[in-house]
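Okay, query-v3.txt now, which holds compact mmCIF, C-alpha atoms:
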```txt
# COMPACT_ATOMS: atom_id res chain seq x y z
CA MET A 1 22.17 -75.53 57.03
CA ARG A 2 20.39 -78.77 56.14
CA VAL A 3 16.93 -79.18 54.63
CA THR A 4 14.84 -82.34 54.40
CA VAL A 5 14.12 -83.83 51.00
CA SER A 6 10.38 -83.28 51.39
CA GLU A 7 10.78 -79.65 52.46
CA LEU A 8 13.11 -78.82 49.58
CA THR A 9 10.87 -80.61 47.07
CA ARG A 10 7.80 -78.72 48.28
CA LEU A 11 9.64 -75.39 48.03
CA ALA A 12 10.92 -76.10 44.51
CA THR A 13 7.46 -77.23 43.39
CA ARG A 14 5.82 -74.07 44.76
CA ILE A 15 8.37 -71.86 43.02
CA LEU A 16 7.74 -73.58 39.70
CA THR A 17 3.94 -73.54 39.94
CA ALA A 18 4.09 -69.82 40.77
CA ALA A 19 5.96 -69.39 37.47
CA GLY A 20 3.08 -70.95 35.52
CA VAL A 21 4.17 -74.60 35.45
CA SER A 22 1.45 -77.21 35.89
CA THR A 23 1.42 -79.04 39.21
CA SER A 24 2.49 -82.36 37.68
CA ASP A 25 5.28 -80.85 35.59
CA ALA A 26 6.49 -78.73 38.50
CA ALA A 27 6.66 -81.84 40.68
CA ALA A 28 8.62 -83.74 38.01
CA VAL A 29 11.18 -80.96 37.56
CA ALA A 30 11.45 -80.39 41.32
CA ASP A 31 12.00 -84.11 41.93
CA SER A 32 14.77 -84.15 39.32
CA LEU A 33 16.57 -81.15 40.81
CA VAL A 34 16.28 -82.35 44.40
CA ARG A 35 17.50 -85.82 43.43
CA SER A 36 20.68 -84.20 42.09
CA ASN A 37 21.15 -82.54 45.47
CA LEU A 38 20.36 -85.81 47.21
CA LEU A 39 23.13 -87.61 45.29
CA GLY A 40 25.66 -84.89 46.03
CA HIS A 41 25.56 -83.16 42.63
CA ASP A 42 24.53 -79.78 44.00
CA SER A 43 25.67 -78.09 40.79
CA HIS A 44 22.62 -79.61 39.05
CA GLY A 45 20.20 -79.20 41.94
CA VAL A 46 17.85 -76.49 43.17
CA ARG A 47 20.44 -73.75 42.65
CA ARG A 48 19.30 -73.96 39.00
CA LEU A 49 15.83 -72.61 39.81
CA PRO A 50 16.63 -68.86 39.55
CA GLY A 51 18.13 -69.47 36.11
CA TYR A 52 15.11 -71.50 35.02
CA LEU A 53 12.80 -68.66 36.05
CA ARG A 54 14.88 -66.18 34.07
CA GLN A 55 14.58 -68.47 31.05
CA ILE A 56 10.81 -68.60 31.50
CA HIS A 57 10.64 -64.81 31.59
CA SER A 58 12.86 -64.52 28.49
CA GLY A 59 10.80 -67.08 26.57
CA GLN A 60 13.54 -69.69 26.33
CA ILE A 61 11.47 -72.08 28.46
CA ASP A 62 7.75 -72.45 27.76
CA PRO A 63 6.35 -73.53 31.16
CA ARG A 64 3.20 -75.03 29.61
CA ALA A 65 4.78 -76.85 26.66
CA VAL A 66 4.37 -80.62 26.34
CA PRO A 67 7.08 -82.57 24.46
CA GLU A 68 5.96 -84.76 21.57
CA ALA A 69 7.56 -87.84 20.01
CA GLU A 70 7.99 -88.76 16.35
CA ARG A 71 9.07 -92.23 15.20
CA THR A 72 11.29 -91.62 12.17
CA ARG A 73 11.97 -95.33 11.54
CA ALA A 74 12.21 -98.57 13.50
CA GLY A 75 14.40 -97.96 16.53
CA SER A 76 14.71 -94.20 15.98
CA VAL A 77 12.77 -91.47 17.79
CA VAL A 78 12.83 -87.70 17.64
CA VAL A 79 11.40 -85.98 20.71
CA HIS A 80 10.30 -82.44 19.98
CA GLY A 81 10.97 -80.62 23.22
CA ARG A 82 8.98 -77.55 22.12
CA ARG A 83 11.02 -75.44 24.56
CA ALA A 84 9.59 -77.30 27.56
CA PHE A 85 11.75 -78.05 30.56
CA GLY A 86 14.54 -80.35 29.43
CA GLN A 87 13.73 -82.82 32.20
CA LEU A 88 10.27 -83.38 30.74
CA ALA A 89 11.65 -83.93 27.25
CA ALA A 90 14.35 -86.31 28.49
CA HIS A 91 11.86 -88.38 30.48
CA ARG A 92 9.67 -88.60 27.37
CA ALA A 93 12.71 -89.86 25.43
CA VAL A 94 13.32 -92.52 28.10
CA ARG A 95 9.70 -93.72 27.87
CA GLU A 96 9.94 -93.90 24.09
CA LEU A 97 13.18 -95.87 24.27
CA ARG A 98 11.67 -98.36 26.69
CA GLU A 99 8.81 -98.97 24.25
CA THR A 100 11.12 -99.10 21.23
CA THR A 101 13.61 -101.56 22.70
CA ALA A 102 10.78 -103.91 23.65
CA HIS A 103 10.21 -104.41 19.91
CA THR A 104 13.58 -103.77 18.28
CA GLY A 105 16.09 -104.63 21.02
CA SER A 106 17.82 -101.27 20.70
CA GLY A 107 16.95 -97.67 20.04
CA ILE A 108 18.17 -94.12 19.75
CA ALA A 109 16.34 -90.92 20.62
CA THR A 110 17.35 -87.35 20.03
CA ILE A 111 15.70 -84.28 21.49
CA ARG A 112 15.14 -81.09 19.52
CA ASP A 113 14.34 -77.67 20.98
CA CYS A 114 15.70 -79.00 24.27
CA ASN A 115 16.52 -76.97 27.35
CA HIS A 116 18.82 -77.96 30.21
CA VAL A 117 17.97 -81.54 31.20
CA GLY A 118 19.70 -81.54 34.58
CA ARG A 119 21.87 -84.54 35.41
CA LEU A 120 22.21 -86.96 32.48
CA GLY A 121 22.81 -89.86 34.84
CA GLU A 122 19.18 -89.70 35.95
CA TYR A 123 17.95 -90.89 32.56
CA VAL A 124 20.42 -93.70 31.91
CA GLU A 125 19.85 -94.92 35.48
CA THR A 126 16.13 -95.22 34.74
CA LEU A 127 16.89 -97.21 31.60
CA ALA A 128 19.20 -99.54 33.55
CA GLU A 129 16.50 -100.08 36.18
CA HIS A 130 14.48 -101.64 33.35
CA ASP A 131 17.24 -104.06 32.23
CA LEU A 132 18.57 -101.77 29.51
CA VAL A 133 22.08 -100.50 28.98
CA GLY A 134 21.75 -96.74 28.67
CA LEU A 135 24.00 -94.11 27.12
CA ALA A 136 23.35 -90.37 26.91
CA PHE A 137 25.33 -87.36 25.78
CA GLY A 138 24.81 -83.85 24.55
CA ASN A 139 26.45 -80.66 23.38
CA ALA A 140 25.97 -77.29 25.01
CA ASP A 141 27.01 -73.65 24.65
CA PRO A 142 30.75 -73.09 23.98
CA THR A 143 32.67 -72.74 27.23
CA VAL A 144 35.61 -75.12 26.69
CA ALA A 145 38.86 -74.53 24.81
CA PRO A 146 40.09 -77.26 22.46
CA HIS A 147 43.29 -79.04 23.44
CA GLY A 148 46.12 -76.59 22.85
CA GLY A 149 43.75 -73.65 22.32
CA ALA A 150 42.79 -70.59 24.35
CA GLU A 151 39.30 -69.74 23.05
CA ARG A 152 35.87 -71.17 23.79
CA ARG A 153 34.93 -73.64 21.06
CA LEU A 154 33.18 -76.62 22.74
CA GLY A 155 30.49 -77.20 25.32
CA THR A 156 31.07 -79.14 28.53
CA ASN A 157 29.48 -81.95 26.49
CA PRO A 158 28.65 -84.53 29.19
CA LEU A 159 28.41 -88.28 28.75
CA ALA A 160 26.58 -90.82 30.93
CA TRP A 161 26.42 -94.62 31.02
CA ALA A 162 24.42 -97.02 33.16
CA VAL A 163 24.13 -100.82 33.35
CA PRO A 164 21.98 -103.04 35.60
CA ARG A 165 23.41 -104.91 38.59
CA ALA A 166 21.78 -107.52 40.82
CA GLN A 167 18.09 -106.99 41.52
CA ASP A 168 18.69 -105.56 45.00
CA GLU A 169 21.50 -103.21 43.89
CA PRO A 170 21.19 -99.83 42.15
CA PRO A 171 22.65 -99.67 38.62
CA ILE A 172 26.25 -98.82 37.87
CA VAL A 173 26.11 -95.19 36.74
CA MET A 174 28.85 -92.98 35.35
CA ASP A 175 28.07 -89.37 34.45
CA TRP A 176 30.76 -86.83 33.69
CA ALA A 177 31.51 -83.72 31.67
CA THR A 178 34.20 -83.92 28.99
CA SER A 179 35.58 -80.72 30.47
CA GLY A 180 37.78 -81.19 33.52
CA VAL A 181 34.95 -79.81 35.65
CA ALA A 182 31.29 -79.04 34.98
CA GLU A 183 30.44 -75.33 34.89
CA GLY A 184 27.91 -75.79 37.68
CA LYS A 185 30.60 -77.16 39.99
CA LEU A 186 32.69 -74.06 39.28
CA ALA A 187 29.73 -71.93 40.31
CA VAL A 188 29.42 -73.88 43.56
CA ALA A 189 33.14 -73.41 44.28
CA ARG A 190 32.83 -69.68 43.62
CA GLU A 191 29.80 -69.43 45.94
CA ARG A 192 31.80 -71.14 48.69
CA GLY A 193 34.91 -69.03 48.15
CA GLU A 194 36.97 -72.12 47.28
CA ARG A 195 39.98 -72.45 44.96
CA ILE A 196 40.00 -75.13 42.28
CA PRO A 197 42.81 -77.51 41.24
CA GLU A 198 45.17 -76.48 38.46
CA GLY A 199 44.47 -77.70 34.94
CA LEU A 200 40.75 -76.98 34.89
CA VAL A 201 40.43 -73.34 33.83
CA LEU A 202 42.30 -70.72 31.82
CA ASP A 203 41.67 -67.02 32.41
CA ARG A 204 40.74 -64.65 29.59
CA HIS A 205 44.42 -64.24 28.71
CA GLY A 206 44.88 -68.00 28.28
CA ARG A 207 46.78 -68.42 31.53
CA ALA A 208 46.22 -71.23 34.04
CA THR A 209 44.28 -70.19 37.13
CA THR A 210 42.86 -71.70 40.33
CA ASP A 211 40.28 -68.94 40.80
CA PRO A 212 36.84 -70.19 39.61
CA GLY A 213 35.76 -66.57 39.18
CA ASP A 214 38.18 -66.16 36.26
CA PHE A 215 35.92 -68.35 34.15
CA TYR A 216 33.06 -65.87 34.55
CA THR A 217 35.18 -62.92 33.40
CA GLY A 218 36.05 -64.30 29.97
CA GLY A 219 37.99 -67.43 30.89
CA MET A 220 37.44 -70.94 29.61
CA LEU A 221 37.31 -74.53 30.80
CA LEU A 222 39.77 -77.20 29.66
CA PRO A 223 38.99 -80.76 28.49
CA PHE A 224 39.70 -83.59 30.94
CA GLY A 225 42.66 -85.78 30.08
CA GLY A 226 44.14 -83.43 27.49
CA HIS A 227 43.71 -84.71 23.94
CA LYS A 228 41.61 -87.71 25.05
CA GLY A 229 38.81 -85.69 26.62
CA TYR A 230 39.06 -83.23 23.75
CA GLY A 231 38.57 -85.98 21.17
CA LEU A 232 35.54 -87.35 23.00
CA SER A 233 34.07 -83.86 23.27
CA VAL A 234 34.48 -83.30 19.53
CA LEU A 235 32.51 -86.46 18.76
CA ILE A 236 29.74 -85.48 21.18
CA GLU A 237 29.65 -81.97 19.73
CA ILE A 238 29.20 -83.27 16.19
CA VAL A 239 26.71 -86.08 16.87
CA GLY A 240 24.74 -84.31 19.59
CA GLY A 241 24.68 -80.96 17.82
CA LEU A 242 23.77 -82.22 14.36
CA LEU A 243 21.24 -84.94 15.24
CA SER A 244 19.40 -82.65 17.66
CA GLY A 245 19.54 -79.56 15.47
CA THR A 246 21.27 -77.36 18.06
CA GLY A 247 24.16 -76.90 15.65
CA ILE A 248 27.91 -76.99 16.19
CA GLY A 249 30.76 -74.52 16.23
CA THR A 250 29.80 -71.08 14.99
CA GLY A 251 26.49 -72.62 13.89
CA TYR A 252 25.43 -73.43 17.47
CA ARG A 253 21.89 -72.10 17.95
CA GLY A 254 21.33 -72.65 21.65
CA GLY A 255 19.81 -75.39 23.78
CA PHE A 256 21.16 -78.77 24.80
CA GLY A 257 21.77 -81.26 21.96
CA THR A 258 20.62 -84.42 23.74
CA VAL A 259 20.99 -87.96 22.38
CA LEU A 260 20.04 -91.13 24.29
CA LEU A 261 20.70 -94.73 23.28
CA ALA A 262 19.51 -97.97 24.85
CA PHE A 263 19.69 -101.68 24.17
CA ASP A 264 18.11 -104.67 25.83
CA VAL A 265 20.67 -107.12 27.20
CA GLU A 266 18.12 -109.90 26.61
CA ALA A 267 18.88 -109.56 22.89
CA PHE A 268 22.34 -110.99 23.61
CA LEU A 269 22.11 -113.10 26.77
CA PRO A 270 19.54 -113.77 29.50
CA ARG A 271 19.10 -110.78 31.80
CA HIS A 272 19.74 -112.80 34.94
CA GLU A 273 23.11 -113.90 33.53
CA PHE A 274 24.07 -110.33 32.68
CA ARG A 275 23.18 -109.18 36.18
CA ALA A 276 25.00 -112.09 37.83
CA HIS A 277 28.21 -111.60 35.83
CA THR A 278 28.12 -107.86 36.47
CA GLU A 279 27.66 -108.41 40.21
CA ARG A 280 30.56 -110.85 40.37
CA PHE A 281 32.77 -108.34 38.59
CA CYS A 282 31.74 -105.65 41.07
CA ALA A 283 32.75 -108.00 43.89
CA GLU A 284 36.16 -108.49 42.24
CA LEU A 285 36.61 -104.73 42.06
CA HIS A 286 35.67 -104.34 45.71
CA ASP A 287 38.20 -107.05 46.64
CA THR A 288 41.08 -105.26 44.89
CA ALA A 289 44.06 -104.51 47.13
CA ASN A 290 44.03 -100.85 48.17
CA ALA A 291 46.62 -98.42 46.87
CA GLU A 292 48.48 -96.28 49.37
CA GLY A 293 46.23 -93.55 50.72
CA HIS A 294 43.00 -95.34 49.75
CA ALA A 295 40.73 -97.33 52.06
CA GLU A 296 38.57 -99.12 49.49
CA VAL A 297 37.65 -99.54 45.84
CA LEU A 298 34.16 -98.44 44.81
CA VAL A 299 32.10 -99.04 41.68
CA PRO A 300 30.76 -96.03 39.73
CA GLY A 301 27.51 -94.87 41.30
CA GLU A 302 28.34 -96.10 44.80
CA PRO A 303 29.66 -92.75 46.09
CA GLU A 304 26.37 -91.13 45.08
CA GLU A 305 24.41 -93.93 46.73
CA ARG A 306 26.27 -93.35 50.00
CA THR A 307 25.61 -89.64 49.77
CA ARG A 308 21.92 -90.33 49.15
CA ARG A 309 21.60 -92.41 52.30
CA GLU A 310 23.45 -89.82 54.38
CA ARG A 311 21.39 -86.90 53.06
CA GLU A 312 18.11 -88.75 53.42
CA ARG A 313 19.03 -89.27 57.07
CA ASP A 314 20.62 -85.90 57.90
CA GLY A 315 19.12 -83.56 55.30
CA ILE A 316 20.48 -81.86 52.20
CA PRO A 317 23.15 -79.21 52.89
CA LEU A 318 22.48 -75.80 51.34
CA SER A 319 24.48 -72.63 51.64
CA GLU A 320 22.74 -69.71 53.30
CA ALA A 321 23.08 -67.77 50.03
CA VAL A 322 21.22 -70.42 48.00
CA TRP A 323 18.54 -70.79 50.69
CA GLN A 324 17.93 -67.03 50.77
CA GLU A 325 17.89 -66.84 46.97
CA LEU A 326 15.25 -69.56 46.78
CA HIS A 327 13.08 -67.88 49.41
CA ALA A 328 13.33 -64.58 47.52
CA LEU A 329 11.64 -66.19 44.49
CA PRO A 330 7.86 -65.94 44.08
CA ARG A 331 6.04 -69.09 45.21
CA GLU A 332 2.48 -70.24 45.64
```
Target encoding structure tokens, full file:
Amino acid sequence: MRVTVSELTRLATRILTAAGVSTSDAAAVADSLVRSNLLGHDSHGVRRLPGYLRQIHSGQIDPRAVPEAERTRAGSVVVHGRRAFGQLAAHRAVRELRETTAHTGSGIATIRDCNHVGRLGEYVETLAEHDLVGLAFGNADPTVAPHGGAERRLGTNPLAWAVPRAQDEPPIVMDWATSGVAEGKLAVARERGERIPEGLVLDRHGRATTDPGDFYTGGMLLPFGGHKGYGLSVLIEIVGGLLSGTGIGTGYRGGFGTVLLAFDVEAFLPRHEFRAHTERFCAELHDTANAEGHAEVLVPGEPEERTRRERERDGIPLSEAVWQELHALPRE
């Protein structure tokens, strides 16, 4: 089935306000989730709502909390999430970075007491829309085995970049987990009864599997690219976990250890030159001869932009199971 953006946003907002979230905060979180669906990242979309409500009931999420910011020194900001929705804390970090970079040219923000922020690409894209280069990463609960290992030691530890293009083009955005697949995408595959490619998951005995359900019975994810993804994940685990206070390894204390960085391209060259050079490079990539089996070369972020246009026109696809689960939740 397909649902319009406005209908899905209204439903998500009503579910959140029924759980005690203010109207403005509910709208912000709903917009974030639905935008993930709109771009084709259903793993980070409205299917997260039942889990968010469980976290409200357990006390992990405070539905009325308001994040606060603390400037620790020039160019450095700590956002105290105060167990609010991670989306609200991350948007506060983005606003602080925009203000900071206007004065210092660059900035870094970390979020403490942070819950799930949704899709990291959302925040770096906003920074790039304001002529900033944005970078974001974070550590999460251990679900990934280290390279060569067969126990959970690392989070999926995602990383996102974004840079501005020409004024009439959306930013270049790259957002990916350092595991071979994000946990949410495994959940979607399991819901649909799909198998997954080899090399993504080990079962609880440390054996390779293509059944996404094996992850949920004691299995583990694997890093992308073998030792390369593993090395990147280790760095994110250390920096994200220690700067945010979520902890690392056996000292992990829960939450999402979010760090965002931004710098103003104007500190190095005029913004219009940066945009023009970037756009010419994108054109060169588009003009690349196609490899066998491929019809075109795209720039990061363009597949999502195509999906957005298609889903805005035809509606957002939802499984019957997700639709029924959403309608079973209390709503105003």
At most 6 Å is the cut-off: for each residue in range 231-321 of chain A with any atom that close to an atom of range 163-179 of chain A, write down the nearest atom pair and the distance in Å rounded to one decimal, counting only C-alpha atoms, chain first then increasing number, as CSV.
```
residue,atom,partner,partner_atom,distance
A:Ser233,CA,A:Thr178,CA,5.7
A:Arg275,CA,A:Arg165,CA,4.9
A:Thr278,CA,A:Arg165,CA,5.9
A:Glu279,CA,A:Arg165,CA,5.7
A:Pro300,CA,A:Val173,CA,5.6
A:Gly301,CA,A:Val173,CA,4.8
```
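Comparing the minimum interatomic distances between Gly138 in chain A and each of A:Glu125, A:Glu237, A:Asp211, A:Glu99, counting only C-alpha atoms, we find that A:Glu237 sits nearest.
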Contact residues around range 238-251 of chain A with all atoms listed in the file at 9 Å, ignoring same-chain residues under 4 positions, as an MDAnalysis selection string: chainID A and resid 78 110:114 137:140 142 153:154 157 233:234 255:259
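You will find CA of His327 in chain A at 19.5 Å from CA of Leu38 in chain A.
Taking all atoms listed in the file into account, His147 in chain A lies nearest to A:Leu221 out of the set A:Leu221, A:Ser106, A:Lys185, A:Glu96.
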